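Below: the structure, in structure tokens.
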Amino acid sequence: MKLAMVGFGQAGGKILDKFLEYDRRTGSDVVRAALAVNTAKADLMGLEYVPEENRVLIGQSRVKGHGVGADNELGSAVAEEDIDELVAAMDDVPAHEVDAFLIVAGLGGGSGSGGGPVLARHLKRIYTEPVYALGVLPSEDEGGIYTLNAARSFQTYVRECDHLLVFDNDAWRRSGESVQTGYDGINEEIVRRFGLLFGAGEVERGGEVAESVVDSSEIINTLAGGGVSTVGYASETIERRDAGLLSRLRGNGVDDDLDAATTTNRVTSLVRKAALGRLTLPCEIEGAERALLVLSGPARYLDRKGIERGRKWLEEQTGSMEVRGGDYPIRDADFVAAVVLLAGVTTIPRVKELQRVAIEAQENIEEIRARSDANLRDLVADEADELEPLF
């Protein structure tokens with residue numbers, strides 16, 4: 001799948017940078033066009049793989065390149081004011097060569113949280129290609145204002161985009177990690193999962209061709225109808241021995257000369273681990289409207305019967321009749337991996353909790369502001385009333 005990817009805000013720009021590094025490292029060529037947008041000049045300067053001419057600083061008349069300070073209402077206003085500049089920056093995107101637009105943003109901050117939905121609305125007005133968003137939820141310990149931002153941005157992205165793919169930081173942060181190490185690891189997890197998902201169907205010259213191809217239309221059809229998606233992932237490492245020959249999968253001690261039943265069972269097990277393990281957005285998979293399964297790795301480990309069984313199992317678990325799937329052979333891969341895209345999920349405890357905390361935070365903010373106004377009036381009242389102001 002060929003994407004025109006926009007990294008909006010600090011988190012979005014870093015993830016876009018990571019996607020470009022992944023493309024270069026794996027040769028997957030998922031990102032056909034890349035654009036980084038921010039209100040903070042320093043964040044744009046810190047990017048490594050996004051070309052300088054593809055970095056757009058907005059809101060200079062308002063915030064002078066210093067960011068919007070986690071104020072997503074200001075981020076939204078700035079994007080609306082500079083939308084002509086943003087749209088002009090997209091003019092060089094070869095729309096006829098891309099299958100979809102993907103806006104990547106952290107939902108807890110200000111620029112990407114507020115400005116991304118504005119860009120999505122205008123892209124949908126101009127282009128016929130679908131406009132998706134990949135939104136990253138903040139951790140619970142990041143504070144009330146970020147939770148409030150995320151809750152408001154979440155529902156706005158759902159309304160303005162054709163589909164919202166979600167990654168929840170709270171489910172992936174490890175205790176004791178530094179902030180930088182934590183986010184670097186999280187960004188790597190994001191790119192690994194979505195890189196394999198969007199890279200499915202690509203065939204290099206002389207490369208292996210899938211028995212059951214997953215192409216961009218399969219992904220687009222799975223994401224059709226709007227809503228929210230989560231992605232599951234599971235992998236097993238292939239050890240190399242005897243001058244690089246594939247010999248066995250780590251941890252089971254089975255020789256490379258595998259019988260069909262063993263290969264089928266392994267593929268089926270990976271599918272279950274992907275769907276029932278740590279999802280990008282933890283949720284109940286029962287009731288998912290649609291699903292897509294991608295098995296990736298060397299062709300000899302990608303068993304058709306295992307994929308069919310995996311699809312059947314996903315149908316039973318989700319209750320959906322729209323479960324697509326196929327294989328994505330990677331000749332020199334040292335792993336076998338299953339990626340499961342669950343679209344149209346609705347039973348999401350994290351989002352419900354996010355909304356509850358956000359409502360409390362909003363009420364607290366309004367109460368504090370009211371109390372502050374009252375205290376200020378008390379401060380300048382009484383004896384101060386006898387003084388005359390300067391003007």
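All residue names refer to the structure tokens as shown: chains lettered A, B, ... in order, residues numbered from 1 in each chain, ligands numbered from 1 in order.
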So that I can see what lies close to Leu354 in chain A, please list as a list in words the residues with an atom at most 7 Å from it, counting only C-alpha atoms and leaving out residues fewer than 4 positions away in the same chain. Thr147, Ala151, Arg350 and Ala358 of chain A
If you run DSSP on the backbone here, which positions in range 49-126 of chain A get helix (DSSP H, G or I)? Please write them as a PyMOL selection string. chain A and resi 52-54+60-63+72-81+83-92+95-97+111-126
| message | With only C-alpha atoms as the counted atoms, please give the residues lying no more than 7 Å from range 32-40 of chain A, apart from itself and same-chain residues fewer than 2 positions off, as a VMD selection string. | response | chain A and resid 2 to 10 13 29 to 30 42 to 44 50 54 to 59 65 to 68 93 98 111
**Asked** Which polymer residues have any atom within 8 Å of an atom of Val340 in chain A, counting only C-alpha atoms, with same-chain residues fewer than 2 positions away left out, as a list in words?
**Response**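 What passes the distance filter is Val231, Gly232, Tyr233, Val271, Ala274, Ala275, Ala291, Leu292, Leu293, Val294, Ala338 and Leu342 of chain A.
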Selection file, N, CA, C and O atoms, as a tab-separated table (two decimals), in the first residue's frame:
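And here is the file that came out, out_39.tsv:
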```
chain	number	residue	atom	x	y	z
A	231	VAL	N	-4.50	-3.10	16.14
A	231	VAL	CA	-3.66	-4.06	15.42
A	231	VAL	C	-2.94	-4.97	16.41
A	231	VAL	O	-2.38	-4.50	17.41
A	232	GLY	N	-2.99	-6.26	16.15
A	232	GLY	CA	-2.26	-7.24	16.95
A	232	GLY	C	-1.08	-7.79	16.17
A	232	GLY	O	-1.09	-7.82	14.93
A	233	TYR	N	-0.07	-8.25	16.89
A	233	TYR	CA	1.17	-8.72	16.25
A	233	TYR	C	1.79	-9.82	17.08
A	233	TYR	O	1.81	-9.74	18.32
A	271	VAL	N	-1.46	-16.63	14.82
A	271	VAL	CA	-2.67	-15.81	14.62
A	271	VAL	C	-3.37	-15.57	15.96
A	271	VAL	O	-3.79	-14.46	16.28
A	274	ALA	N	-1.44	-13.15	18.11
A	274	ALA	CA	-1.56	-11.77	17.62
A	274	ALA	C	-2.88	-11.14	18.05
A	274	ALA	O	-2.93	-9.99	18.48
A	275	ALA	N	-3.97	-11.90	17.94
A	275	ALA	CA	-5.30	-11.35	18.24
A	275	ALA	C	-5.57	-11.26	19.73
A	275	ALA	O	-6.28	-10.34	20.18
A	291	ALA	N	-12.03	-7.76	9.79
A	291	ALA	CA	-10.67	-8.12	10.21
A	291	ALA	C	-9.82	-8.46	8.99
A	291	ALA	O	-10.34	-8.89	7.95
A	292	LEU	N	-8.52	-8.27	9.15
A	292	LEU	CA	-7.57	-8.60	8.09
A	292	LEU	C	-6.37	-9.29	8.72
A	292	LEU	O	-5.81	-8.81	9.71
A	293	LEU	N	-5.97	-10.43	8.15
A	293	LEU	CA	-4.84	-11.20	8.64
A	293	LEU	C	-3.73	-11.20	7.61
A	293	LEU	O	-3.97	-11.46	6.42
A	294	VAL	N	-2.50	-10.89	8.06
A	294	VAL	CA	-1.33	-10.94	7.18
A	294	VAL	C	-0.27	-11.81	7.85
A	294	VAL	O	0.12	-11.55	8.99
A	338	ALA	N	2.64	-12.71	12.40
A	338	ALA	CA	1.22	-12.55	12.07
A	338	ALA	C	0.79	-11.15	12.49
A	338	ALA	O	1.07	-10.72	13.61
A	342	LEU	N	-8.01	-5.37	13.32
A	342	LEU	CA	-9.41	-5.49	13.75
A	342	LEU	C	-10.06	-4.13	13.59
A	342	LEU	O	-9.71	-3.16	14.29
```
For Val191 in chain A, list every protein, DNA or RNA residue within 12 Å, evaluated using only C-alpha atoms, and leave out those in the same chain fewer than 6 positions away; present the list as a PyMOL selection string. chain A and resi 12+14-23+25-26+28+30-31+104+134+167+184-185+197-199+231+233+280
Can I get the selection written as a PDB file, in the first residue's frame, with N, CA and C atoms?
```pdb
ATOM      1  N   GLY A  12       3.891  12.953  15.975  1.00  0.00           N
ATOM      2  CA  GLY A  12       3.647  12.554  14.592  1.00  0.00           C
ATOM      3  C   GLY A  12       4.884  12.651  13.733  1.00  0.00           C
ATOM      4  N   LYS A  14       8.047  12.447  14.740  1.00  0.00           N
ATOM      5  CA  LYS A  14       9.014  11.413  15.115  1.00  0.00           C
ATOM      6  C   LYS A  14       8.613  10.046  14.566  1.00  0.00           C
ATOM      7  N   ILE A  15       7.320   9.763  14.580  1.00  0.00           N
ATOM      8  CA  ILE A  15       6.857   8.474  14.045  1.00  0.00           C
ATOM      9  C   ILE A  15       7.038   8.432  12.533  1.00  0.00           C
ATOM     10  N   LEU A  16       6.749   9.544  11.852  1.00  0.00           N
ATOM     11  CA  LEU A  16       6.987   9.620  10.409  1.00  0.00           C
ATOM     12  C   LEU A  16       8.460   9.384  10.119  1.00  0.00           C
ATOM     13  N   ASP A  17       9.338  10.007  10.890  1.00  0.00           N
ATOM     14  CA  ASP A  17      10.779   9.818  10.717  1.00  0.00           C
ATOM     15  C   ASP A  17      11.142   8.340  10.859  1.00  0.00           C
ATOM     16  N   LYS A  18      10.518   7.663  11.828  1.00  0.00           N
ATOM     17  CA  LYS A  18      10.767   6.245  12.065  1.00  0.00           C
ATOM     18  C   LYS A  18      10.264   5.395  10.895  1.00  0.00           C
ATOM     19  N   PHE A  19       9.122   5.770  10.319  1.00  0.00           N
ATOM     20  CA  PHE A  19       8.602   5.056   9.149  1.00  0.00           C
ATOM     21  C   PHE A  19       9.573   5.179   7.972  1.00  0.00           C
ATOM     22  N   LEU A  20      10.122   6.354   7.764  1.00  0.00           N
ATOM     23  CA  LEU A  20      11.064   6.556   6.660  1.00  0.00           C
ATOM     24  C   LEU A  20      12.337   5.741   6.882  1.00  0.00           C
ATOM     25  N   GLU A  21      12.787   5.679   8.141  1.00  0.00           N
ATOM     26  CA  GLU A  21      13.952   4.850   8.459  1.00  0.00           C
ATOM     27  C   GLU A  21      13.638   3.380   8.210  1.00  0.00           C
ATOM     28  N   TYR A  22      12.426   2.948   8.579  1.00  0.00           N
ATOM     29  CA  TYR A  22      11.989   1.559   8.358  1.00  0.00           C
ATOM     30  C   TYR A  22      11.955   1.248   6.861  1.00  0.00           C
ATOM     31  N   ASP A  23      11.426   2.160   6.067  1.00  0.00           N
ATOM     32  CA  ASP A  23      11.381   1.971   4.615  1.00  0.00           C
ATOM     33  C   ASP A  23      12.785   1.789   4.049  1.00  0.00           C
ATOM     34  N   ARG A  25      15.463   0.820   5.667  1.00  0.00           N
ATOM     35  CA  ARG A  25      16.089  -0.396   6.194  1.00  0.00           C
ATOM     36  C   ARG A  25      15.546  -1.653   5.540  1.00  0.00           C
ATOM     37  N   THR A  26      14.236  -1.707   5.268  1.00  0.00           N
ATOM     38  CA  THR A  26      13.599  -2.922   4.767  1.00  0.00           C
ATOM     39  C   THR A  26      13.327  -2.900   3.268  1.00  0.00           C
ATOM     40  N   SER A  28      10.759  -1.490   1.934  1.00  0.00           N
ATOM     41  CA  SER A  28       9.325  -1.710   1.735  1.00  0.00           C
ATOM     42  C   SER A  28       8.659  -0.603   0.928  1.00  0.00           C
ATOM     43  N   VAL A  30       6.784   1.939   1.642  1.00  0.00           N
ATOM     44  CA  VAL A  30       5.382   2.211   1.983  1.00  0.00           C
ATOM     45  C   VAL A  30       5.079   3.695   1.867  1.00  0.00           C
ATOM     46  N   VAL A  31       6.000   4.551   2.314  1.00  0.00           N
ATOM     47  CA  VAL A  31       5.768   5.997   2.322  1.00  0.00           C
ATOM     48  C   VAL A  31       6.179   6.570   0.972  1.00  0.00           C
ATOM     49  N   VAL A 104      -0.461  11.130  10.992  1.00  0.00           N
ATOM     50  CA  VAL A 104       0.043  10.525  12.216  1.00  0.00           C
ATOM     51  C   VAL A 104       0.206  11.613  13.263  1.00  0.00           C
ATOM     52  N   LEU A 134      -3.567   7.882  12.225  1.00  0.00           N
ATOM     53  CA  LEU A 134      -2.967   7.005  13.220  1.00  0.00           C
ATOM     54  C   LEU A 134      -2.743   7.867  14.457  1.00  0.00           C
ATOM     55  N   PHE A 167      -3.018   3.715  18.698  1.00  0.00           N
ATOM     56  CA  PHE A 167      -1.971   3.088  19.499  1.00  0.00           C
ATOM     57  C   PHE A 167      -2.013   3.727  20.874  1.00  0.00           C
ATOM     58  N   ASP A 184      11.076   5.878  22.255  1.00  0.00           N
ATOM     59  CA  ASP A 184      11.804   5.253  21.143  1.00  0.00           C
ATOM     60  C   ASP A 184      11.310   3.819  20.940  1.00  0.00           C
ATOM     61  N   GLY A 185      11.148   3.096  22.050  1.00  0.00           N
ATOM     62  CA  GLY A 185      10.661   1.717  21.958  1.00  0.00           C
ATOM     63  C   GLY A 185       9.237   1.650  21.439  1.00  0.00           C
ATOM     64  N   LEU A 197       1.848  -4.294   8.031  1.00  0.00           N
ATOM     65  CA  LEU A 197       0.470  -4.258   7.536  1.00  0.00           C
ATOM     66  C   LEU A 197       0.386  -3.542   6.196  1.00  0.00           C
ATOM     67  N   PHE A 198       0.914  -2.337   6.135  1.00  0.00           N
ATOM     68  CA  PHE A 198       0.814  -1.557   4.900  1.00  0.00           C
ATOM     69  C   PHE A 198       1.771  -2.049   3.820  1.00  0.00           C
ATOM     70  N   GLY A 199       2.830  -2.766   4.211  1.00  0.00           N
ATOM     71  CA  GLY A 199       3.783  -3.273   3.228  1.00  0.00           C
ATOM     72  C   GLY A 199       3.329  -4.538   2.537  1.00  0.00           C
ATOM     73  N   VAL A 231      -4.496  -3.100  16.137  1.00  0.00           N
ATOM     74  CA  VAL A 231      -3.660  -4.060  15.416  1.00  0.00           C
ATOM     75  C   VAL A 231      -2.941  -4.967  16.414  1.00  0.00           C
ATOM     76  N   TYR A 233      -0.070  -8.245  16.886  1.00  0.00           N
ATOM     77  CA  TYR A 233       1.166  -8.715  16.246  1.00  0.00           C
ATOM     78  C   TYR A 233       1.794  -9.816  17.082  1.00  0.00           C
ATOM     79  N   THR A 280      -2.542  -2.864  19.798  1.00  0.00           N
ATOM     80  CA  THR A 280      -2.142  -1.453  19.846  1.00  0.00           C
ATOM     81  C   THR A 280      -3.151  -0.642  20.664  1.00  0.00           C
TER      82      THR A 280
END
```
Nearest residue to Leu341 in chain A out of A:Glu52, A:Glu218, A:Glu81, A:Asp162, using only C-alpha atoms?
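Residue with the minimum atom-to-atom distance to Leu341 in chain A: A:Glu218.
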With distances taken over only C-alpha atoms, the candidate from A:Val213, A:Val131, A:Ile359, A:Ala333 nearest Ala100 in chain A is A:Val131
(Q) Can you tell me which residues surround Leu165 in chain A at a distance of at most 8 Å, considering only C-alpha atoms, apart from same-chain residues fewer than 2 positions away, and format the answer as an MDAnalysis selection string? (A) chainID A and resid 132:135 163 167 228:230
Kindly save the residues from that selection, with C-alpha atoms included, as a compact mmCIF listing (two decimals), in the first residue's frame.
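The file below, part_1.txt, is the result:
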```
# COMPACT_ATOMS: atom_id res chain seq x y z
CA TYR A 132 -6.85 7.78 7.60
CA ALA A 133 -5.33 8.84 10.90
CA LEU A 134 -2.97 7.01 13.22
CA GLY A 135 -3.53 8.49 16.67
CA HIS A 163 -10.83 5.66 9.76
CA PHE A 167 -1.97 3.09 19.50
CA VAL A 228 -11.73 2.72 15.13
CA SER A 229 -9.13 -0.01 14.58
CA THR A 230 -6.54 -1.87 16.61
```
If we count only C-alpha atoms, what is near range 143-145 of chain A at a cut-off of 8 Å, once residues fewer than 5 positions away on the same chain are taken out, given as a ChimeraX atom specification?
/A:70,108,357-358,361
Q) Tell me, which residues of range 66-304 of chain A carry DSSP strand (DSSP E or B), written as a PyMOL selection string? A) chain A and resi 66+100-106+131-137+163-168+213+228-241+245-249+290-297
**Q.** Best match for closeness to Arg121 in chain A among A:Ser235, A:Gln317, A:Thr156, A:Ser269, counting only C-alpha atoms
**A.**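 Using only C-alpha atoms, Arg121 in chain A sits closest to A:Thr156.
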